[in-house]
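Quick notes on the structure that follows.
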Amino acid sequence: MPNVVVGARTDVGRHRSLNEDALLLGERVWVVADGMGGHAAGDVASRLAVQSLRELDEPSELTPAQVTAAVLRANAALESYAGEHPEALGMGTTVTGLAEVSIGGEPHWAVFNVGDSRVYRYAGGELRRVSVDHSEVEELVAQGLIDAEEARTHPARHIITRSVGMRPAPAVDLWVLPQVAGERFLLCSDGLNSELPDERIAELLAAHGDPRAAASALVDAVLGEQARDNVTVAVIDVRGDGRGAGDEITVPRDLLEEDRA
């Protein structure tokens with residue numbers, strides 16, 4: 001795989017007493033999870049999901065089907081925990097991540113998502129959100145009823161429509177991208193983008209070439225605002241040889257599903 005340098009930081013924010021976010025910083029998979037369920041289970045949910053997804057770092061080659069299957073196993077792990085711990089009933093977590101996968105024998109990136117945590121791609125001086133939020137405000141934006149700036153402060157901004165831990169199991173969004181030298185990925189919980197507009201996020205990514213400095217600057221910027229939620233970021237720089245031009249690839253459905261034979 002290409003040379004990858006990672007910087008990450010998490011903070012409880014200014015108004016919460018508990019950090020319900022969790023991070024996975026692996027060799028070929030990186031995940032941000034934002035737990036829900038309050039003191040009873042939010043931090044447990046995100047931690048269980050991250051622990052379950054560590055298995056994605058084990059195979060020498062990973063397929064898109066294995067990524068989606070691992071997220072669904074994380075969903076089952078949360079269901080099982082909630083069944084054994086009544087106080088955790090209703091627990092859930094967002095899961096968003098980046099993993100190296102093999103398509104036709106060539107390495108690619110898989111971006112996967114359930115919930116409203118996000119994956120951005122920064123390349124050529126431009127920031128683009130790869131993932132799609134599973135939230136009520138995202139649906140309002142899609143319908144043209146509110147704009148992106150209004151979504152950041154909308155009363156329903158924390159209501160999500162998919163989460164890991166729900167029943168029935170959620171659909172897992174997955175996008176596959178070629179690997180391109182010089183690109184940068186940003187994974188974050190909504191504690192970042194609910195405080196900072198995309199333009200400010202792009203400015204901070206442009207200002208800090210080191211991913212560790214970029215991650216720290218992003219969290220510092222949130223703490224300079226109201227910081228109403230936990231905030232977690234992971235900045236992943238791709239510094240090896242790239243093979244593609246950065247265009248998204250449509251993956252056949254059978255590559256996203258486990259072989260049932």
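Chain identifiers are assigned as A, B, and so on, following the order in which chains appear in the structure tokens; residues are numbered from 1 within each chain, and ligands are numbered from 1 in order of appearance.
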Exercise for the section: Run DSSP on the backbone and grab whatever in region 78-258 of chain A lands in alpha helix (DSSP H); send it over as a PyMOL selection string. Expected result: chain A and resi 78-84+136-142+148-151+190-193+198-207+211-223
The selected residues should be written to file as a short mmCIF file (atom, residue, chain, number, x, y, z; two decimals), in the first residue's frame (atoms: N, CA and C atoms).
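Result file follows (part-v1.cif):
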data_model
loop_
_atom_site.label_atom_id
_atom_site.label_comp_id
_atom_site.auth_asym_id
_atom_site.auth_seq_id
_atom_site.Cartn_x
_atom_site.Cartn_y
_atom_site.Cartn_z
N LEU A 78 -23.57 -5.12 18.85
CA LEU A 78 -24.28 -4.15 19.67
C LEU A 78 -25.66 -4.66 20.06
N GLU A 79 -26.34 -5.32 19.13
CA GLU A 79 -27.64 -5.91 19.45
C GLU A 79 -27.51 -6.92 20.58
N SER A 80 -26.48 -7.75 20.49
CA SER A 80 -26.26 -8.78 21.51
C SER A 80 -25.97 -8.16 22.87
N TYR A 81 -25.15 -7.12 22.88
CA TYR A 81 -24.82 -6.46 24.15
C TYR A 81 -26.07 -5.85 24.77
N ALA A 82 -26.87 -5.16 23.95
CA ALA A 82 -28.09 -4.53 24.46
C ALA A 82 -29.07 -5.58 24.99
N GLY A 83 -29.09 -6.77 24.37
CA GLY A 83 -29.96 -7.83 24.83
C GLY A 83 -29.57 -8.36 26.20
N GLU A 84 -28.27 -8.29 26.50
CA GLU A 84 -27.77 -8.79 27.78
C GLU A 84 -27.71 -7.71 28.85
N GLU A 136 -32.05 13.49 9.40
CA GLU A 136 -33.24 14.22 8.95
C GLU A 136 -32.86 15.51 8.24
N VAL A 137 -31.83 16.22 8.73
CA VAL A 137 -31.48 17.48 8.07
C VAL A 137 -30.88 17.24 6.69
N GLU A 138 -30.17 16.13 6.49
CA GLU A 138 -29.65 15.81 5.16
C GLU A 138 -30.80 15.61 4.18
N GLU A 139 -31.87 15.00 4.64
CA GLU A 139 -33.03 14.83 3.78
C GLU A 139 -33.68 16.17 3.46
N LEU A 140 -33.70 17.08 4.43
CA LEU A 140 -34.25 18.41 4.18
C LEU A 140 -33.39 19.18 3.19
N VAL A 141 -32.08 19.03 3.29
CA VAL A 141 -31.19 19.67 2.33
C VAL A 141 -31.41 19.10 0.94
N ALA A 142 -31.52 17.77 0.85
CA ALA A 142 -31.74 17.12 -0.44
C ALA A 142 -33.03 17.58 -1.10
N ALA A 148 -27.07 24.10 3.44
CA ALA A 148 -26.06 23.45 4.29
C ALA A 148 -25.77 24.26 5.54
N GLU A 149 -25.78 25.58 5.43
CA GLU A 149 -25.50 26.42 6.59
C GLU A 149 -26.63 26.31 7.61
N GLU A 150 -27.88 26.29 7.15
CA GLU A 150 -29.01 26.13 8.06
C GLU A 150 -28.98 24.76 8.73
N ALA A 151 -28.50 23.76 8.01
CA ALA A 151 -28.45 22.40 8.56
C ALA A 151 -27.55 22.32 9.78
N ASP A 190 -19.71 14.44 14.02
CA ASP A 190 -20.41 15.67 13.68
C ASP A 190 -20.08 16.82 14.61
N GLY A 191 -19.32 16.55 15.66
CA GLY A 191 -18.84 17.63 16.50
C GLY A 191 -17.93 18.59 15.78
N LEU A 192 -17.35 18.15 14.66
CA LEU A 192 -16.53 19.05 13.83
C LEU A 192 -17.40 19.88 12.90
N ASN A 193 -18.16 19.21 12.02
CA ASN A 193 -18.88 19.96 10.99
C ASN A 193 -20.10 20.69 11.50
N ASP A 198 -17.65 23.87 5.93
CA ASP A 198 -16.66 23.18 5.10
C ASP A 198 -15.54 24.11 4.65
N GLU A 199 -15.87 25.38 4.40
CA GLU A 199 -14.86 26.33 3.94
C GLU A 199 -13.75 26.49 4.99
N ARG A 200 -14.14 26.55 6.25
CA ARG A 200 -13.15 26.69 7.33
C ARG A 200 -12.35 25.41 7.49
N ILE A 201 -13.01 24.27 7.36
CA ILE A 201 -12.30 22.98 7.43
C ILE A 201 -11.24 22.92 6.33
N ALA A 202 -11.60 23.32 5.11
CA ALA A 202 -10.66 23.30 3.99
C ALA A 202 -9.48 24.24 4.25
N GLU A 203 -9.74 25.40 4.82
CA GLU A 203 -8.67 26.35 5.13
C GLU A 203 -7.66 25.75 6.10
N LEU A 204 -8.16 25.07 7.12
CA LEU A 204 -7.28 24.49 8.12
C LEU A 204 -6.48 23.31 7.54
N LEU A 205 -7.10 22.53 6.69
CA LEU A 205 -6.37 21.43 6.04
C LEU A 205 -5.28 21.98 5.13
N ALA A 206 -5.57 23.08 4.44
CA ALA A 206 -4.58 23.69 3.55
C ALA A 206 -3.42 24.31 4.33
N ALA A 207 -3.71 24.79 5.53
CA ALA A 207 -2.70 25.52 6.31
C ALA A 207 -1.73 24.61 7.03
N PRO A 211 -0.33 15.91 9.03
CA PRO A 211 -1.68 15.48 9.43
C PRO A 211 -1.93 15.59 10.93
N ARG A 212 -0.88 15.43 11.74
CA ARG A 212 -1.06 15.57 13.18
C ARG A 212 -1.35 17.02 13.56
N ALA A 213 -0.64 17.94 12.90
CA ALA A 213 -0.91 19.35 13.14
C ALA A 213 -2.29 19.74 12.63
N ALA A 214 -2.70 19.16 11.49
CA ALA A 214 -4.02 19.46 10.94
C ALA A 214 -5.12 18.98 11.87
N ALA A 215 -4.97 17.77 12.40
CA ALA A 215 -5.98 17.23 13.32
C ALA A 215 -6.09 18.10 14.56
N SER A 216 -4.96 18.50 15.10
CA SER A 216 -4.97 19.34 16.29
C SER A 216 -5.58 20.70 16.01
N ALA A 217 -5.28 21.29 14.86
CA ALA A 217 -5.82 22.60 14.51
C ALA A 217 -7.34 22.55 14.33
N LEU A 218 -7.83 21.49 13.76
CA LEU A 218 -9.28 21.34 13.58
C LEU A 218 -9.99 21.28 14.92
N VAL A 219 -9.47 20.48 15.84
CA VAL A 219 -10.11 20.38 17.16
C VAL A 219 -9.98 21.69 17.92
N ASP A 220 -8.82 22.34 17.83
CA ASP A 220 -8.65 23.63 18.49
C ASP A 220 -9.66 24.65 17.97
N ALA A 221 -9.92 24.61 16.68
CA ALA A 221 -10.89 25.54 16.09
C ALA A 221 -12.29 25.29 16.64
N VAL A 222 -12.66 24.04 16.83
CA VAL A 222 -13.95 23.71 17.42
C VAL A 222 -14.02 24.21 18.86
N LEU A 223 -12.94 24.00 19.60
CA LEU A 223 -12.91 24.44 21.00
C LEU A 223 -12.95 25.96 21.11
#
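Comparing the minimum interatomic distances between Asp43 (chain A) and each of A:Ile146, A:Thr93, A:His108, A:Ala65, counting only C-alpha atoms, we find that A:Thr93 sits nearest.
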Fill in the blank from the handout: One residue among A:Val101, A:Ala181, A:Ile160, A:Ala171 is nearest to Arg239 (chain A) when using only C-alpha atoms, and that residue is A:Ala181
Practice task
Compile the contact shell of Val12 (chain A) as an MDAnalysis selection string: residues with an atom at most 8 Å away, counting only C-alpha atoms, same-chain residues fewer than 5 positions apart removed.
Solution key: chainID A and resid 17:19 229:231
Okay, now the selection with C-alpha atoms, as an mmCIF file, in the first residue's frame?
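Here's the written file part26.cif:
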data_model
loop_
_atom_site.group_PDB
_atom_site.id
_atom_site.type_symbol
_atom_site.label_atom_id
_atom_site.label_comp_id
_atom_site.auth_asym_id
_atom_site.auth_seq_id
_atom_site.Cartn_x
_atom_site.Cartn_y
_atom_site.Cartn_z
ATOM 1 C CA SER A 17 -18.941 15.249 30.675
ATOM 2 C CA LEU A 18 -18.443 12.023 28.702
ATOM 3 C CA ASN A 19 -16.727 11.404 25.368
ATOM 4 C CA ASP A 229 -20.541 18.066 21.305
ATOM 5 C CA ASN A 230 -17.630 15.656 21.460
ATOM 6 C CA VAL A 231 -15.298 16.156 18.504
#
Handout entry: strand (DSSP E) per DSSP on the backbone: members of region 96-145 of chain A, as a ChimeraX atom specification
Key = /A:96-103,106-114,118-123,126-129
Take the selection from the previous step and output its residues with N, CA and C atoms, as a compact mmCIF listing (two decimals), in the first residue's frame.
# COMPACT_ATOMS: atom_id res chain seq x y z
N THR A 96 -18.10 5.56 10.49
CA THR A 96 -17.63 6.01 9.19
C THR A 96 -16.16 5.69 9.07
N GLY A 97 -15.70 5.31 7.89
CA GLY A 97 -14.31 4.88 7.82
C GLY A 97 -13.74 4.82 6.42
N LEU A 98 -12.45 4.55 6.41
CA LEU A 98 -11.67 4.39 5.19
C LEU A 98 -10.88 3.10 5.31
N ALA A 99 -10.89 2.28 4.26
CA ALA A 99 -10.14 1.03 4.29
C ALA A 99 -9.51 0.79 2.93
N GLU A 100 -8.34 0.15 2.92
CA GLU A 100 -7.75 -0.25 1.65
C GLU A 100 -8.35 -1.59 1.24
N VAL A 101 -8.88 -1.64 0.01
CA VAL A 101 -9.48 -2.86 -0.51
C VAL A 101 -8.86 -3.19 -1.86
N SER A 102 -9.07 -4.42 -2.29
CA SER A 102 -8.56 -4.88 -3.57
C SER A 102 -9.71 -5.05 -4.56
N ILE A 103 -9.58 -4.41 -5.71
CA ILE A 103 -10.55 -4.54 -6.80
C ILE A 103 -9.79 -5.00 -8.03
N GLU A 106 -6.04 -4.79 -7.82
CA GLU A 106 -5.44 -3.47 -7.63
C GLU A 106 -5.96 -2.84 -6.34
N PRO A 107 -5.08 -2.15 -5.61
CA PRO A 107 -5.52 -1.52 -4.36
C PRO A 107 -6.35 -0.27 -4.62
N HIS A 108 -7.42 -0.12 -3.85
CA HIS A 108 -8.30 1.04 -3.91
C HIS A 108 -8.66 1.43 -2.48
N TRP A 109 -9.32 2.56 -2.35
CA TRP A 109 -9.89 2.96 -1.07
C TRP A 109 -11.38 2.65 -1.04
N ALA A 110 -11.84 2.15 0.07
CA ALA A 110 -13.28 2.01 0.31
C ALA A 110 -13.66 2.99 1.42
N VAL A 111 -14.59 3.87 1.13
CA VAL A 111 -15.18 4.75 2.13
C VAL A 111 -16.52 4.14 2.52
N PHE A 112 -16.75 3.94 3.82
CA PHE A 112 -18.00 3.32 4.25
C PHE A 112 -18.63 4.17 5.34
N ASN A 113 -19.96 4.09 5.43
CA ASN A 113 -20.65 4.99 6.35
C ASN A 113 -22.02 4.48 6.75
N VAL A 114 -22.32 4.65 8.04
CA VAL A 114 -23.67 4.50 8.60
C VAL A 114 -23.82 5.63 9.62
N ARG A 118 -18.62 11.75 9.15
CA ARG A 118 -18.30 12.03 7.75
C ARG A 118 -16.89 11.62 7.34
N VAL A 119 -16.75 11.38 6.02
CA VAL A 119 -15.45 11.25 5.37
C VAL A 119 -15.38 12.30 4.27
N TYR A 120 -14.34 13.12 4.34
CA TYR A 120 -14.04 14.10 3.30
C TYR A 120 -12.77 13.68 2.57
N ARG A 121 -12.65 14.10 1.32
CA ARG A 121 -11.40 13.93 0.56
C ARG A 121 -10.91 15.32 0.17
N TYR A 122 -9.64 15.58 0.48
CA TYR A 122 -9.02 16.87 0.15
C TYR A 122 -7.89 16.62 -0.84
N ALA A 123 -8.02 17.18 -2.03
CA ALA A 123 -7.00 16.97 -3.06
C ALA A 123 -7.07 18.15 -4.04
N GLU A 126 -9.02 21.27 -3.09
CA GLU A 126 -10.47 21.23 -2.98
C GLU A 126 -10.92 20.17 -1.98
N LEU A 127 -11.91 20.52 -1.19
CA LEU A 127 -12.50 19.61 -0.21
C LEU A 127 -13.82 19.10 -0.73
N ARG A 128 -13.97 17.78 -0.73
CA ARG A 128 -15.23 17.17 -1.19
C ARG A 128 -15.68 16.15 -0.15
N ARG A 129 -16.95 16.22 0.21
CA ARG A 129 -17.48 15.21 1.12
C ARG A 129 -17.80 13.96 0.30
